[in-house]
$ cat upload.tsv   # TSV, C-alpha atoms
chain	number	residue	atom	x	y	z
A	738	MET	CA	62.42	132.56	92.50
A	739	GLU	CA	65.64	130.83	93.50
A	740	THR	CA	67.16	129.32	90.36
A	741	THR	CA	70.04	127.50	92.06
A	742	LYS	CA	68.00	125.83	94.81
A	743	ASN	CA	67.91	122.41	93.13
A	744	LYS	CA	71.64	122.41	92.52
A	745	GLN	CA	72.26	123.42	96.11
A	746	LEU	CA	69.95	120.67	97.32
A	747	VAL	CA	71.74	118.02	95.23
A	748	ALA	CA	75.08	119.26	96.58
A	749	MET	CA	73.82	119.05	100.15
A	750	ILE	CA	72.45	115.52	99.68
A	751	LEU	CA	75.75	114.36	98.20
A	752	GLY	CA	77.64	115.94	101.09
A	753	ILE	CA	75.48	114.27	103.71
A	754	ALA	CA	75.68	110.96	101.79
A	755	SER	CA	79.48	111.14	101.93
A	756	LEU	CA	79.20	111.37	105.71
A	757	VAL	CA	76.66	108.57	106.06
A	758	ILE	CA	77.98	105.95	103.58
A	759	PRO	CA	81.14	104.92	105.53
A	760	ASN	CA	79.13	104.61	108.73
A	761	ILE	CA	76.63	102.29	107.01
A	762	GLY	CA	79.58	100.27	105.68
A	763	THR	CA	81.18	100.01	109.11
A	764	THR	CA	77.87	99.05	110.73
A	765	ILE	CA	77.39	96.24	108.21
A	766	ALA	CA	81.05	95.17	108.57
A	767	ASN	CA	80.82	95.10	112.37
A	768	GLY	CA	78.27	92.29	112.08
A	769	ILE	CA	80.84	90.04	110.42
A	770	ASP	CA	82.85	87.49	112.37
A	771	THR	CA	86.46	88.64	111.85
A	772	THR	CA	88.08	85.75	113.68
A	773	THR	CA	88.28	83.81	110.41
A	774	THR	CA	90.47	84.83	107.46
A	775	GLU	CA	87.46	84.86	105.16
A	776	GLY	CA	85.56	87.06	107.59
A	777	SER	CA	88.38	89.56	108.02
A	778	ARG	CA	88.80	89.75	104.25
A	779	THR	CA	85.07	90.43	103.78
A	780	TYR	CA	85.29	93.07	106.54
A	781	GLY	CA	88.21	94.74	104.77
A	782	ILE	CA	86.49	94.68	101.39
A	783	ILE	CA	83.28	96.24	102.80
A	784	VAL	CA	85.25	98.99	104.55
A	785	ILE	CA	87.25	99.69	101.38
A	786	ILE	CA	84.17	99.81	99.15
A	787	ALA	CA	82.24	102.00	101.60
A	788	THR	CA	85.06	104.49	102.12
A	789	LEU	CA	85.94	104.56	98.42
A	790	ALA	CA	82.28	105.21	97.56
A	791	ALA	CA	82.19	107.98	100.17
A	792	ILE	CA	85.34	109.57	98.71
A	793	VAL	CA	83.83	109.56	95.20
A	794	VAL	CA	80.46	110.90	96.41
A	795	GLY	CA	82.25	113.48	98.57
A	796	ILE	CA	84.38	114.72	95.66
A	797	ILE	CA	81.31	115.02	93.42
A	798	GLY	CA	79.50	116.79	96.26
A	799	LEU	CA	82.41	119.17	96.70
A	800	ILE	CA	82.50	120.04	93.00
A	801	LYS	CA	78.70	120.45	92.84
A	802	SER	CA	78.48	122.56	96.00
A	803	ALA	CA	81.39	124.78	94.93
A	804	GLY	CA	79.67	125.37	91.59
A	805	ALA	CA	76.28	125.94	93.23
A	806	ARG	CA	77.77	128.46	95.69
A	807	LYS	CA	79.38	130.38	92.85
A	808	GLU	CA	76.16	130.41	90.82
A	809	ALA	CA	74.06	131.43	93.83
A	810	LYS	CA	76.49	134.22	94.63
A	811	ALA	CA	76.35	135.48	91.05
A	812	ALA	CA	72.53	135.35	91.09
A	813	GLY	CA	72.40	137.15	94.44
A	814	GLU	CA	70.71	134.20	96.17
A	815	LYS	CA	71.27	132.61	99.57
A	816	GLN	CA	73.91	129.88	99.62
A	817	ILE	CA	72.96	128.06	102.84
A	818	LEU	CA	72.28	124.62	101.30
A	819	ALA	CA	75.40	124.77	99.12
A	820	THR	CA	77.50	125.78	102.13
A	821	ILE	CA	76.15	122.82	104.12
A	822	GLY	CA	76.94	120.63	101.09
A	823	LEU	CA	80.46	122.05	100.87
A	824	VAL	CA	81.23	121.53	104.56
A	825	THR	CA	79.73	118.02	104.74
A	826	SER	CA	81.52	117.03	101.51
A	827	ILE	CA	84.87	118.19	102.87
A	828	VAL	CA	84.35	116.44	106.20
A	829	GLY	CA	83.03	113.25	104.54
A	830	THR	CA	85.84	113.09	101.99
A	831	VAL	CA	88.61	113.78	104.50
A	832	GLU	CA	87.17	111.32	107.04
A	833	SER	CA	86.82	108.58	104.42
A	834	ALA	CA	90.29	109.27	103.04
A	835	ILE	CA	91.77	108.84	106.53
A	836	VAL	CA	89.88	105.59	107.09
A	837	PHE	CA	90.69	104.35	103.57
A	838	PHE	CA	94.42	105.00	103.79
A	839	SER	CA	94.91	104.03	107.43
A	840	CYS	CA	92.38	101.28	108.04
A	841	GLY	CA	90.74	99.82	104.95
A	842	LEU	CA	93.97	99.08	103.10
A	843	CYS	CA	95.61	97.62	106.20
A	844	ILE	CA	92.70	95.28	106.89
A	845	ALA	CA	92.63	94.11	103.26
A	846	CYS	CA	96.42	93.68	103.10
A	847	VAL	CA	96.55	91.73	106.33
A	848	ALA	CA	93.71	89.50	105.18
A	849	CYS	CA	95.33	88.95	101.76
A	850	ALA	CA	98.68	88.22	103.39
A	851	ALA	CA	96.99	85.76	105.74
A	852	THR	CA	95.38	83.92	102.82
A	853	SER	CA	98.63	83.75	100.89
A	854	VAL	CA	100.58	82.26	103.85
B	1120	MET	CA	105.02	105.33	118.73
B	1121	TYR	CA	101.30	105.74	118.42
B	1122	PRO	CA	100.43	104.51	114.92
B	1123	PHE	CA	96.75	104.15	115.81
B	1124	ILE	CA	94.37	105.80	118.23
B	1125	GLU	CA	90.84	104.83	119.14
B	1126	ILE	CA	88.13	107.33	118.16
B	1127	PHE	CA	84.50	106.33	118.79
B	1128	GLY	CA	85.58	102.70	119.03
B	1129	ARG	CA	87.39	102.86	115.69
B	1130	SER	CA	91.12	102.45	115.30
B	1131	ILE	CA	92.36	105.36	113.15
B	1132	GLY	CA	95.91	105.93	111.90
B	1133	THR	CA	97.59	108.91	113.57
B	1134	TYR	CA	99.40	109.77	110.33
B	1135	GLY	CA	96.07	110.21	108.56
B	1136	ILE	CA	94.75	112.37	111.38
B	1137	MET	CA	97.83	114.61	111.40
B	1138	ALA	CA	97.68	114.86	107.60
B	1139	ALA	CA	94.00	115.89	107.82
B	1140	ILE	CA	94.82	118.51	110.48
B	1141	GLY	CA	97.64	119.75	108.24
B	1142	MET	CA	95.31	119.97	105.24
B	1143	LEU	CA	92.70	121.92	107.18
B	1144	ALA	CA	95.34	124.22	108.69
B	1145	SER	CA	96.90	124.97	105.31
B	1146	ALA	CA	93.45	125.51	103.74
B	1147	LEU	CA	92.61	127.94	106.54
B	1148	CYS	CA	95.97	129.67	106.06
B	1149	CYS	CA	95.26	130.07	102.31
B	1150	TYR	CA	91.79	131.41	103.05
B	1151	LEU	CA	93.08	133.98	105.56
B	1152	LEU	CA	95.80	135.11	103.16
B	1153	LEU	CA	93.46	135.39	100.19
B	1154	ARG	CA	90.12	136.52	101.62
B	1155	LYS	CA	90.80	140.15	100.71
B	1156	LYS	CA	91.51	139.15	97.11
B	1157	GLU	CA	88.00	137.90	96.31
B	1158	VAL	CA	88.94	134.26	96.86
B	1159	PHE	CA	86.11	132.34	98.53
B	1160	ILE	CA	85.86	129.13	100.55
B	1161	GLU	CA	84.75	127.12	97.51
B	1162	ASP	CA	87.84	128.27	95.58
B	1163	ILE	CA	90.08	127.12	98.43
B	1164	ALA	CA	88.19	123.81	98.72
B	1165	MET	CA	88.49	123.13	94.99
B	1166	THR	CA	92.16	124.14	95.01
B	1167	GLY	CA	92.71	121.70	97.87
B	1168	LEU	CA	90.90	118.97	95.93
B	1169	ILE	CA	92.91	119.58	92.74
B	1170	PHE	CA	96.16	119.64	94.73
B	1171	ALA	CA	95.18	116.51	96.67
B	1172	ILE	CA	94.36	114.52	93.51
B	1173	GLY	CA	97.67	115.50	91.92
B	1174	ALA	CA	99.50	114.87	95.18
B	1175	VAL	CA	98.11	111.36	95.70
B	1176	ILE	CA	98.99	110.37	92.11
B	1177	GLY	CA	102.46	111.97	92.26
B	1178	ALA	CA	103.29	110.53	95.67
B	1179	HIS	CA	102.48	106.99	94.53
B	1180	ILE	CA	104.37	107.34	91.23
B	1181	VAL	CA	107.55	108.57	92.95
B	1182	TYR	CA	107.20	105.76	95.50
B	1183	GLY	CA	107.08	103.43	92.50
B	1184	PHE	CA	110.37	104.94	91.25
B	1185	THR	CA	112.05	103.93	94.51
B	1186	ASN	CA	111.05	100.33	93.70
B	1187	THR	CA	112.11	100.39	90.02
B	1188	ASP	CA	114.40	97.36	90.36
B	1189	LYS	CA	111.67	95.32	92.06
B	1190	ILE	CA	109.10	96.33	89.43
B	1191	ILE	CA	111.47	95.26	86.62
B	1192	GLU	CA	111.99	91.97	88.46
B	1193	LEU	CA	108.21	91.57	88.80
B	1194	PHE	CA	107.67	92.04	85.06
B	1195	LYS	CA	110.49	89.58	84.31
B	1196	ASN	CA	108.75	86.94	86.43
B	1197	ILE	CA	105.24	87.82	85.27
B	1198	LYS	CA	104.52	84.15	84.42
B	1199	ASP	CA	104.75	83.20	88.11
B	1200	TYR	CA	101.82	85.43	89.03
B	1201	ASN	CA	98.11	85.23	88.41
B	1202	PHE	CA	96.26	88.48	87.64
B	1203	ILE	CA	95.16	89.23	91.23
B	1204	SER	CA	98.53	88.51	92.83
B	1205	PHE	CA	100.27	90.57	90.10
B	1206	VAL	CA	98.00	93.58	90.67
B	1207	GLN	CA	98.31	93.16	94.44
B	1208	THR	CA	102.12	93.01	94.30
B	1209	LEU	CA	102.46	95.89	91.82
B	1210	PHE	CA	99.99	98.35	93.34
B	1211	GLY	CA	100.03	97.12	96.93
B	1212	ASN	CA	103.76	96.62	97.48
B	1213	TYR	CA	105.53	98.74	94.88
B	1214	PHE	CA	103.16	101.66	94.34
B	1215	GLY	CA	101.38	101.38	97.70
B	1216	GLY	CA	103.44	103.90	99.67
B	1217	MET	CA	103.71	107.65	99.24
B	1218	VAL	CA	106.66	110.02	98.97
B	1219	PHE	CA	106.32	113.67	100.03
B	1220	TYR	CA	108.27	115.08	97.08
B	1221	GLY	CA	106.09	113.15	94.65
B	1222	GLY	CA	103.01	114.61	96.32
B	1223	LEU	CA	104.45	118.12	96.20
B	1224	ILE	CA	105.41	117.93	92.53
B	1225	GLY	CA	102.18	116.14	91.57
B	1226	GLY	CA	100.06	118.69	93.43
B	1227	LEU	CA	101.85	121.65	91.88
B	1228	ILE	CA	101.61	120.14	88.39
B	1229	ALA	CA	97.86	119.60	88.95
B	1230	LEU	CA	97.49	123.27	89.93
B	1231	VAL	CA	99.46	124.45	86.89
B	1232	ILE	CA	97.28	122.32	84.59
B	1233	SER	CA	94.11	123.55	86.33
B	1234	ASN	CA	95.29	127.15	85.93
B	1235	LYS	CA	95.89	126.62	82.21
B	1236	VAL	CA	92.59	124.80	81.58
B	1237	SER	CA	90.21	126.97	83.60
B	1238	GLN	CA	90.59	129.69	86.18
B	1239	LYS	CA	87.11	129.18	87.60
B	1240	TYR	CA	88.39	128.17	91.04
B	1241	PHE	CA	92.17	128.22	91.10
B	1242	ARG	CA	93.70	131.45	89.80
B	1243	GLY	CA	97.45	131.00	89.65
B	1244	ASP	CA	98.35	134.69	89.49
B	1245	ILE	CA	96.93	135.41	92.95
B	1246	MET	CA	96.78	131.98	94.61
B	1247	PHE	CA	100.12	130.31	93.87
B	1248	ASP	CA	102.05	132.35	96.43
B	1249	ALA	CA	99.56	131.54	99.20
B	1250	VAL	CA	99.75	127.83	98.32
B	1251	ALA	CA	103.55	128.00	98.60
B	1252	VAL	CA	103.22	129.55	102.07
B	1253	ALA	CA	100.76	126.83	103.15
B	1254	ILE	CA	102.86	123.84	101.98
B	1255	PRO	CA	105.37	123.90	104.88
B	1256	LEU	CA	102.48	124.31	107.32
B	1257	PHE	CA	100.94	121.08	106.03
B	1258	HIS	CA	104.34	119.42	106.16
B	1259	THR	CA	104.82	120.46	109.80
B	1260	PHE	CA	101.81	118.35	110.80
B	1261	GLY	CA	102.64	115.60	108.31
B	1262	ARG	CA	106.06	115.02	109.85
B	1263	ILE	CA	104.55	114.78	113.33
B	1264	GLY	CA	102.29	112.11	111.81
B	1265	CYS	CA	105.38	110.32	110.43
B	1266	PHE	CA	106.93	110.38	113.89
B	1267	LEU	CA	103.78	109.02	115.52
B	1268	GLY	CA	103.28	106.42	112.80
B	1269	GLY	CA	106.75	104.98	113.31
B	1270	CYS	CA	107.33	104.35	109.60
B	1271	CYS	CA	110.19	106.89	109.43
B	1272	TYR	CA	112.84	107.23	112.10
B	1273	GLY	CA	116.22	108.79	112.78
B	1274	VAL	CA	119.70	107.32	113.10
B	1275	ALA	CA	120.75	105.65	116.33
B	1276	CYS	CA	122.51	108.14	118.62
B	1277	ASP	CA	123.04	109.08	122.28
B	1278	VAL	CA	120.51	111.92	122.32
B	1279	GLY	CA	116.90	111.52	121.29
B	1280	PHE	CA	114.19	109.03	122.14
B	1281	THR	CA	113.83	105.29	122.48
B	1282	VAL	CA	111.15	103.55	120.47
B	1283	HIS	CA	108.83	101.09	122.14
B	1284	GLU	CA	106.11	99.00	120.54
B	1285	ASN	CA	106.93	99.85	116.94
B	1286	THR	CA	104.82	97.18	115.30
B	1287	LEU	CA	105.91	98.12	111.76
B	1288	TYR	CA	109.62	97.59	112.46
B	1289	PRO	CA	109.98	95.58	115.70
B	1290	ALA	CA	113.78	95.46	115.30
B	1291	LEU	CA	113.92	99.20	116.00
B	1292	ASN	CA	112.47	98.89	119.48
B	1293	ASP	CA	114.59	99.84	122.50
B	1294	VAL	CA	117.21	101.67	120.36
B	1295	ASN	CA	117.87	105.35	121.12
B	1296	ARG	CA	117.19	107.41	118.01
B	1297	LEU	CA	117.42	111.00	116.78
B	1298	PRO	CA	113.87	112.40	116.39
B	1299	ILE	CA	114.62	113.58	112.86
B	1300	GLN	CA	110.94	113.81	111.89
B	1301	LEU	CA	110.26	116.20	114.76
B	1302	ILE	CA	113.33	118.25	113.82
B	1303	GLU	CA	112.12	118.47	110.22
B	1304	SER	CA	108.66	119.39	111.47
B	1305	GLY	CA	110.17	122.28	113.48
B	1306	LEU	CA	112.23	123.42	110.49
B	1307	ASN	CA	109.12	123.36	108.32
B	1308	LEU	CA	107.33	125.54	110.86
B	1309	ILE	CA	110.20	128.05	110.75
B	1310	LEU	CA	110.10	127.93	106.93
B	1311	PHE	CA	106.35	128.59	107.05
B	1312	PHE	CA	106.89	131.73	109.15
B	1313	VAL	CA	109.71	132.92	106.87
B	1314	LEU	CA	107.49	132.54	103.79
B	1315	LEU	CA	104.58	134.15	105.64
B	1316	VAL	CA	106.66	137.24	106.49
B	1317	LEU	CA	107.90	137.46	102.89
B	1318	TYR	CA	104.32	137.14	101.63
B	1319	LYS	CA	103.05	139.83	103.99
B	1320	LYS	CA	105.89	142.15	102.97
B	1321	LYS	CA	105.03	141.41	99.31
B	1322	LYS	CA	108.56	140.22	98.55
B	1323	PHE	CA	109.19	137.73	95.72
B	1324	GLN	CA	105.67	138.11	94.34
B	1325	HIS	CA	104.73	135.27	91.94
B	1326	ARG	CA	107.96	133.56	92.92
B	1327	MET	CA	107.14	132.25	96.41
B	1328	VAL	CA	107.25	128.64	95.16
B	1329	ILE	CA	110.78	129.30	93.92
B	1330	VAL	CA	111.77	130.66	97.35
B	1331	TYR	CA	110.37	127.44	98.83
B	1332	PHE	CA	112.37	125.42	96.28
B	1333	TYR	CA	115.51	127.23	97.43
B	1334	ILE	CA	115.07	126.53	101.13
B	1335	TYR	CA	113.26	123.20	101.58
B	1336	PRO	CA	115.53	121.06	99.34
B	1337	VAL	CA	118.54	122.20	101.43
B	1338	ILE	CA	116.74	121.17	104.64
B	1339	ARG	CA	115.72	117.85	103.12
B	1340	PHE	CA	119.12	117.09	101.61
B	1341	ILE	CA	120.83	117.45	105.01
B	1342	ASP	CA	117.94	115.80	106.86
B	1343	GLU	CA	118.23	112.64	104.75
B	1344	PHE	CA	121.70	111.90	106.15
B	1345	PHE	CA	120.18	111.60	109.63
B	1346	ARG	CA	117.36	109.27	108.70
B	1347	GLY	CA	117.93	105.69	109.66
B	1348	ASP	CA	115.61	104.13	107.08
B	1349	GLU	CA	117.30	101.18	105.45
B	1350	ILE	CA	116.07	101.42	101.86
B	1351	ARG	CA	117.07	104.95	100.86
B	1352	GLY	CA	120.10	104.46	98.62
B	1353	PHE	CA	119.37	105.09	94.97
B	1354	LEU	CA	122.18	106.68	92.97
B	1355	PHE	CA	125.77	107.43	94.02
B	1356	GLY	CA	124.79	106.72	97.62
B	1357	LEU	CA	122.14	109.43	97.58
B	1358	SER	CA	118.49	108.79	98.35
B	1359	THR	CA	115.66	109.49	95.92
B	1360	SER	CA	114.65	112.53	97.97
B	1361	GLN	CA	118.19	113.93	97.86
B	1362	ILE	CA	118.28	113.60	94.09
B	1363	ILE	CA	114.90	115.31	93.82
B	1364	SER	CA	116.21	118.02	96.20
B	1365	ILE	CA	119.12	118.69	93.84
B	1366	LEU	CA	116.75	118.82	90.84
B	1367	LEU	CA	114.34	121.23	92.56
B	1368	PHE	CA	117.18	123.48	93.71
B	1369	THR	CA	118.58	123.49	90.16
B	1370	PHE	CA	115.10	124.32	88.84
B	1371	ALA	CA	114.89	127.27	91.26
B	1372	VAL	CA	118.32	128.55	90.19
B	1373	THR	CA	117.36	128.19	86.51
B	1374	VAL	CA	114.13	130.18	87.01
B	1375	THR	CA	116.04	132.90	88.90
B	1376	ILE	CA	118.66	133.16	86.15
B	1377	LYS	CA	115.89	133.36	83.53
B	1378	ASP	CA	114.18	136.10	85.53
B	1379	LEU	CA	117.43	138.05	85.86
B	1380	VAL	CA	118.12	137.75	82.14
B	1381	LYS	CA	114.57	138.94	81.36
B	1382	LYS	CA	114.93	141.79	83.82
B	1383	ARG	CA	118.16	142.89	82.19
B	1384	LYS	CA	116.53	142.82	78.81
B	1385	GLY	CA	113.77	144.94	80.25
B	1386	GLU	CA	111.09	142.36	79.59
B	1387	GLU	CA	108.02	141.96	81.74
B	1388	LYS	CA	107.97	139.23	84.43
B	1389	PRO	CA	105.67	136.26	83.83
B	1390	ALA	CA	102.50	136.24	85.91
B	1391	ALA	CA	102.78	132.74	87.35
B	1392	VAL	CA	105.19	129.83	87.72
$ encode --input "upload.tsv" --output "structure tokens"
Amino acid sequence: METTKNKQLVAMILGIASLVIPNIGTTIANGIDTTTTEGSRTYGIIVIIATLAAIVVGIIGLIKSAGARKEAKAAGEKQILATIGLVTSIVGTVESAIVFFSCGLCIACVACAATSV
Amino acid sequence: MYPFIEIFGRSIGTYGIMAAIGMLASALCCYLLLRKKEVFIEDIAMTGLIFAIGAVIGAHIVYGFTNTDKIIELFKNIKDYNFISFVQTLFGNYFGGMVFYGGLIGGLIALVISNKVSQKYFRGDIMFDAVAVAIPLFHTFGRIGCFLGGCCYGVACDVGFTVHENTLYPALNDVNRLPIQLIESGLNLILFFVLLVLYKKKKFQHRMVIVYFYIYPVIRFIDEFFRGDEIRGFLFGLSTSQIISILLFTFAVTVTIKDLVKKRKGEEKPAAV
């Protein structure tokens, strides 16, 4: 009986979610007309929220998967799901952090600056 | 300058990409150095996370310090702002940027706190030295990112490169400049190999961060004179980074003197910084 399976599963789901969330956000944002100031601001806000959510989910996933891997190792169980969770969490968090710091903030700042002019 | 590149139809900042490559490279370096010491991938990942959280906070706070006068001015004229514009100006303009030294100090403080609170993932006694070795490796890639991003640049001179299409600072275009970021990147790579050799030879055990604090501040202090950025003056004509360099070097000297005094008294060395 694998006692850490549920924890590993949760970690994996969080990791995959951190990969998927920003893509959903971008897909929704791509449907917005960015030629208007209002549209570009909405685009920026969606990208920021999506990437920020992915960063938070990714960090939680990373913590959960690290804990699950340790527990599984101590219990002598397989750590496949937790490892998938760990890798996807790292990739998801790093990817979202790059987009957040290099794209999301720029879009929002430009839109805000445009509205204030 | 290539501040953005297109990946899968998305425009991504080159600085962010280089920083991510640097993070992964330094994490891999830590893992390779520590794998024989029962340190696992999850420990490295959590250490990276703890360091990154501290680094992001520290980098923004120190950036805020460079804008102290503007922040004071902002609070003096607080009546002229509504809540949103105040928050936007404070956090967007004055705390929005990041400073490497702030990130370094913030990250190290976060690791020290983590080591004191719980040693579940980060164990200072065996991991601090490896982290110190990995820092210049991250910085090597980070500085290439700075160069590509075009936010930092060198002084105008006969040798070097000419900037074209710098959208952040258009006035800099078509001026020949010293590639100071690339020079610093190269020096960081050399520093990485120096620390790596010392680590492998088991020299300066538990004091690798102090060795780093001896060498890097000297590089940075000199480097700052060749940076052409306008807003770097802070105190007595020195930039914020130069002042921090002096403080870190002084800290390293103080720790060394303390160690020597303890050694003379025949006391045992502390386990971690």
$ closest_residue --input "upload.tsv" --among "B:Ile1124, B:Ile1163, B:Val1175, B:Met1137" --to "Gly1264 of chain B" --atoms "only C-alpha atoms"
B:Met1137
$ axis_aligned_box --input "upload.tsv" --around "segment 1255-1272 of chain B" --padding-each-side "3 Å" --output "AutoDock Vina command-line options"
--center_x 106.9 --center_y 114.3 --center_z 110.2 --size_x 17.9 --size_y 26.0 --size_z 16.6
$ closest_residue --input "upload.tsv" --among "B:Leu1306, B:Val1278, B:Ala1171, B:Val1231" --to "Met1246 of chain B" --atoms "only C-alpha atoms"
B:Val1231
$ closest_residue --input "upload.tsv" --among "A:Gly776, A:Gly829, A:Gly804, A:Gly752" --to "chain B" --atoms "all atoms listed in the file"
A:Gly804
$ atom_distance --input "upload.tsv" --atom1 "atom CA of Thr825 of chain A" --atom2 "atom CA of Ile1136 of chain B"
17.4 Å
$ interface_residues --input "upload.tsv" --of "chain B" --to "chain A" --cutoff "6 Å" --atoms "all atoms listed in the file" --output "list in words"
Gly1132, Gly1135 and Glu1161 of chain B
$ closest_residue --input "upload.tsv" --among "B:Ala1253, B:Val1206, B:Ile1302, B:Ile1362" --to "Gly1141 of chain B" --atoms "only C-alpha atoms"
B:Ala1253
$ residues_around --input "upload.tsv" --residues "Val757 of chain A" --least-positions-apart "4" --cutoff "10 Å" --atoms "only C-alpha atoms" --output "list in words"
Leu751, Gly752, Ile753, Ile761, Gly762, Ala787, Ala791 and Gly829 of chain A
$ closest_residue --input "upload.tsv" --among "B:Phe1370, B:Tyr1318, B:Phe1210, B:Tyr1134" --to "Gly1268 of chain B" --atoms "only C-alpha atoms"
B:Tyr1134
$ atom_distance --input "upload.tsv" --atom1 "atom CA of Gly1226 of chain B" --atom2 "atom CA of Ile1190 of chain B"
24.4 Å
$ atom_distance --input "upload.tsv" --atom1 "atom CA of Ile1329 of chain B" --atom2 "atom CA of Ile1232 of chain B"
17.8 Å
$ closest_residue --input "upload.tsv" --among "A:Ser755, A:Thr774, A:Asn760, A:Gln816" --to "Thr740 of chain A" --atoms "all atoms listed in the file"
A:Gln816
$ residues_around --input "upload.tsv" --residues "Leu1297 of chain B" --least-positions-apart "6" --cutoff "12 Å" --atoms "only C-alpha atoms" --output "ChimeraX atom specification"
/B:1266,1271-1282,1303,1342,1344-1347
$ decode --input "upload.tsv" --residues "segment 1320-1326 of chain B" --atoms "all heavy atoms" --output "mmCIF file, in the first residue's frame"
data_model
loop_
_atom_site.group_PDB
_atom_site.id
_atom_site.type_symbol
_atom_site.label_atom_id
_atom_site.label_comp_id
_atom_site.auth_asym_id
_atom_site.auth_seq_id
_atom_site.Cartn_x
_atom_site.Cartn_y
_atom_site.Cartn_z
ATOM 1 N N LYS B 1320 39.208 21.459 -3.861
ATOM 2 C CA LYS B 1320 40.399 21.211 -3.045
ATOM 3 C C LYS B 1320 40.107 21.305 -1.541
ATOM 4 O O LYS B 1320 41.021 21.218 -0.709
ATOM 5 C CB LYS B 1320 41.492 22.210 -3.424
ATOM 6 C CG LYS B 1320 42.104 21.927 -4.793
ATOM 7 C CD LYS B 1320 43.327 22.772 -5.039
ATOM 8 C CE LYS B 1320 43.981 22.348 -6.344
ATOM 9 N NZ LYS B 1320 45.174 23.133 -6.645
ATOM 10 N N LYS B 1321 38.819 21.548 -1.223
ATOM 11 C CA LYS B 1321 38.354 21.669 0.159
ATOM 12 C C LYS B 1321 39.076 22.768 0.938
ATOM 13 O O LYS B 1321 39.383 22.621 2.118
ATOM 14 C CB LYS B 1321 38.472 20.317 0.868
ATOM 15 C CG LYS B 1321 37.537 19.284 0.259
ATOM 16 C CD LYS B 1321 37.552 17.992 1.007
ATOM 17 C CE LYS B 1321 36.550 17.033 0.388
ATOM 18 N NZ LYS B 1321 36.597 15.709 0.905
ATOM 19 N N LYS B 1322 39.358 23.871 0.250
ATOM 20 C CA LYS B 1322 39.958 25.034 0.906
ATOM 21 C C LYS B 1322 38.821 25.941 1.386
ATOM 22 O O LYS B 1322 37.764 25.985 0.787
ATOM 23 C CB LYS B 1322 40.831 25.821 -0.076
ATOM 24 C CG LYS B 1322 41.931 25.019 -0.723
ATOM 25 C CD LYS B 1322 43.190 25.067 0.071
ATOM 26 C CE LYS B 1322 44.316 24.352 -0.654
ATOM 27 N NZ LYS B 1322 45.486 24.155 0.205
ATOM 28 N N PHE B 1323 39.064 26.684 2.411
ATOM 29 C CA PHE B 1323 38.101 27.651 2.974
ATOM 30 C C PHE B 1323 36.721 27.025 3.225
ATOM 31 O O PHE B 1323 35.699 27.601 2.864
ATOM 32 C CB PHE B 1323 37.959 28.873 2.054
ATOM 33 C CG PHE B 1323 39.246 29.565 1.757
ATOM 34 C CD1 PHE B 1323 39.848 29.437 0.513
ATOM 35 C CD2 PHE B 1323 39.874 30.336 2.726
ATOM 36 C CE1 PHE B 1323 41.052 30.064 0.237
ATOM 37 C CE2 PHE B 1323 41.074 30.964 2.449
ATOM 38 C CZ PHE B 1323 41.670 30.836 1.209
ATOM 39 N N GLN B 1324 36.705 25.848 3.800
ATOM 40 C CA GLN B 1324 35.423 25.176 4.057
ATOM 41 C C GLN B 1324 34.577 26.019 5.017
ATOM 42 O O GLN B 1324 35.091 26.552 5.997
ATOM 43 C CB GLN B 1324 35.673 23.790 4.626
ATOM 44 C CG GLN B 1324 36.034 22.801 3.529
ATOM 45 C CD GLN B 1324 36.113 21.380 4.026
ATOM 46 O OE1 GLN B 1324 36.747 21.140 5.048
ATOM 47 N NE2 GLN B 1324 35.499 20.466 3.332
ATOM 48 N N HIS B 1325 33.293 26.100 4.739
ATOM 49 C CA HIS B 1325 32.310 26.907 5.469
ATOM 50 C C HIS B 1325 32.573 28.414 5.351
ATOM 51 O O HIS B 1325 31.915 29.203 6.022
ATOM 52 C CB HIS B 1325 32.260 26.534 6.961
ATOM 53 C CG HIS B 1325 32.099 25.069 7.180
ATOM 54 N ND1 HIS B 1325 31.081 24.351 6.614
ATOM 55 C CD2 HIS B 1325 32.856 24.199 7.896
ATOM 56 C CE1 HIS B 1325 31.213 23.080 6.976
ATOM 57 N NE2 HIS B 1325 32.276 22.953 7.752
ATOM 58 N N ARG B 1326 33.515 28.771 4.530
ATOM 59 C CA ARG B 1326 33.823 30.200 4.368
ATOM 60 C C ARG B 1326 33.887 30.595 2.889
ATOM 61 O O ARG B 1326 34.476 31.615 2.542
ATOM 62 C CB ARG B 1326 35.164 30.534 5.059
ATOM 63 C CG ARG B 1326 35.067 30.618 6.570
ATOM 64 C CD ARG B 1326 34.263 31.863 6.965
ATOM 65 N NE ARG B 1326 34.108 31.989 8.402
ATOM 66 C CZ ARG B 1326 33.048 31.544 9.086
ATOM 67 N NH1 ARG B 1326 32.066 30.940 8.463
ATOM 68 N NH2 ARG B 1326 32.962 31.723 10.379
#
